[in-house]
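Asks: Got a structure for you, questions after.
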Amino acid sequence: MISLTPVTLDGDELAEVHAVFASNPAYWRYSGDLDPDAVTPEAVEALVRAELGRDGHEVLAARDGAGALVGYVELLLRHPRDDAPWIGFLIVDGERRGRGLGRAVAAAAEARLRAR
């Protein structure tokens with residue numbers, strides 16, 4: 001089971017989010033948003049803080065049943081193109097790829113949006 005909680009970057013959360021982001025160099029190589037060879041905590045913090053400040057967005061930590069951070073998701077509550085809610089960004093721990101985490105996080109995000 002996946003739970004979604006608002007990201008605060010307090011305590012150890014920045015280190016956890018950084019670990020998830022750093023475990024996906026191929027994504028950053030493709031997107032160009034971060035240097036895939038130097039995904040630093042500072043770069044991750046800047047990227048996440050920019051999203052935390054945006055109206056109409058939810059920035060969420062995805063945790064497994066044991067409380068480990070296994071993913072990160074950004075929800076757009078009203079996409080400007082169609083005014084519908086969207087999953088704007090979703091990334092899971094690259095070390096746990098192939099275990100259904102992406103589907104589980106997406107399902108939890110969709111359930112959260114439907115509940116709104």
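Following the order of the structure tokens, chains are lettered A, B, ..., residues in each are numbered from 1, and ligands are numbered from 1.
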Could you give me, as a PyMOL selection string, the residues within 10 Å of A:Arg96, counting only C-alpha atoms and dropping anything in the same chain fewer than 6 positions from it?

Replies: chain A and resi 20+23+70-71+102

Asks: How would the residues just chosen look if you wrote them out with all heavy atoms as a PDB file, in the first residue's frame?

Replies:
```
ATOM      1  N   VAL A  20      15.852   9.278  -4.254  1.00  0.00           N
ATOM      2  CA  VAL A  20      14.946   8.827  -5.319  1.00  0.00           C
ATOM      3  C   VAL A  20      15.317   9.508  -6.633  1.00  0.00           C
ATOM      4  O   VAL A  20      15.422   8.855  -7.676  1.00  0.00           O
ATOM      5  CB  VAL A  20      13.468   9.081  -4.935  1.00  0.00           C
ATOM      6  CG1 VAL A  20      12.548   8.908  -6.137  1.00  0.00           C
ATOM      7  CG2 VAL A  20      13.050   8.147  -3.807  1.00  0.00           C
ATOM      8  N   SER A  23      18.571   8.203  -8.127  1.00  0.00           N
ATOM      9  CA  SER A  23      18.525   6.814  -8.592  1.00  0.00           C
ATOM     10  C   SER A  23      17.980   6.684 -10.010  1.00  0.00           C
ATOM     11  O   SER A  23      17.838   5.575 -10.521  1.00  0.00           O
ATOM     12  CB  SER A  23      17.680   5.968  -7.629  1.00  0.00           C
ATOM     13  OG  SER A  23      16.300   6.282  -7.738  1.00  0.00           O
ATOM     14  N   VAL A  70       9.395   5.874  -1.456  1.00  0.00           N
ATOM     15  CA  VAL A  70       9.633   5.072  -2.662  1.00  0.00           C
ATOM     16  C   VAL A  70       9.347   5.854  -3.936  1.00  0.00           C
ATOM     17  O   VAL A  70       9.608   5.369  -5.035  1.00  0.00           O
ATOM     18  CB  VAL A  70       8.807   3.762  -2.652  1.00  0.00           C
ATOM     19  CG1 VAL A  70       9.239   2.875  -1.492  1.00  0.00           C
ATOM     20  CG2 VAL A  70       7.314   4.051  -2.593  1.00  0.00           C
ATOM     21  N   GLY A  71       8.808   7.059  -3.797  1.00  0.00           N
ATOM     22  CA  GLY A  71       8.504   7.853  -4.973  1.00  0.00           C
ATOM     23  C   GLY A  71       8.132   9.278  -4.610  1.00  0.00           C
ATOM     24  O   GLY A  71       8.033   9.641  -3.433  1.00  0.00           O
ATOM     25  N   GLY A 102       5.518   2.232  -9.733  1.00  0.00           N
ATOM     26  CA  GLY A 102       4.965   3.309 -10.556  1.00  0.00           C
ATOM     27  C   GLY A 102       3.457   3.196 -10.664  1.00  0.00           C
ATOM     28  O   GLY A 102       2.731   4.175 -10.504  1.00  0.00           O
TER      29      GLY A 102
END
```

Asks: Running DSSP on the backbone, which parts of chain A land in strand (DSSP E or B), as a compact mmCIF listing (two decimals) with C-alpha atoms, in the first residue's frame?

Replies:
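In the end it all went to states.txt:
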```
# COMPACT_ATOMS: atom_id res chain seq x y z
CA SER A 3 0.45 6.57 1.12
CA LEU A 4 0.87 10.10 -0.20
CA THR A 5 1.83 12.95 2.11
CA PRO A 6 2.75 16.56 1.36
CA HIS A 57 -0.13 21.97 -7.27
CA GLU A 58 0.32 19.26 -4.70
CA VAL A 59 3.84 17.97 -4.15
CA LEU A 60 3.72 14.57 -2.50
CA ALA A 61 6.00 11.94 -1.04
CA ALA A 62 4.98 8.38 -1.83
CA ARG A 63 5.71 5.98 1.03
CA LEU A 69 9.99 6.97 0.62
CA VAL A 70 9.63 5.07 -2.66
CA GLY A 71 8.50 7.85 -4.97
CA TYR A 72 7.61 11.46 -5.53
CA VAL A 73 4.62 12.86 -7.38
CA GLU A 74 3.35 16.29 -8.37
CA LEU A 75 -0.35 16.78 -9.00
CA LEU A 76 -1.78 19.61 -11.05
CA TRP A 86 -3.34 15.70 -13.99
CA ILE A 87 -0.40 13.81 -12.62
CA GLY A 88 2.25 16.33 -13.58
CA PHE A 89 5.33 14.36 -12.56
CA LEU A 90 5.93 10.96 -11.03
CA ILE A 91 9.21 9.26 -10.25
CA VAL A 92 9.96 6.14 -8.23
```

Asks: Give me, as a PyMOL selection string, all polymer residues having an atom no more than 12 Å from stretch 45-56 of chain A, counting only C-alpha atoms and skipping those fewer than 6 positions away in the same chain.

Replies: chain A and resi 6-10+13-19+21+33-34+39+72-80+83-86+88-89

Asks: In Å to one decimal, how far is atom CA of A:Ala22 from atom CA of A:Thr40?

Replies: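 Separation of atom CA of A:Thr40 and atom CA of A:Ala22: 7.8 Å.
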
Asks: Using only C-alpha atoms, find the one residue out of A:Ile2, A:Val44, A:Arg81, A:Asp37 that sits nearest to A:Arg112.

Replies: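 Distance minimum relative to A:Arg112 lands on A:Ile2.
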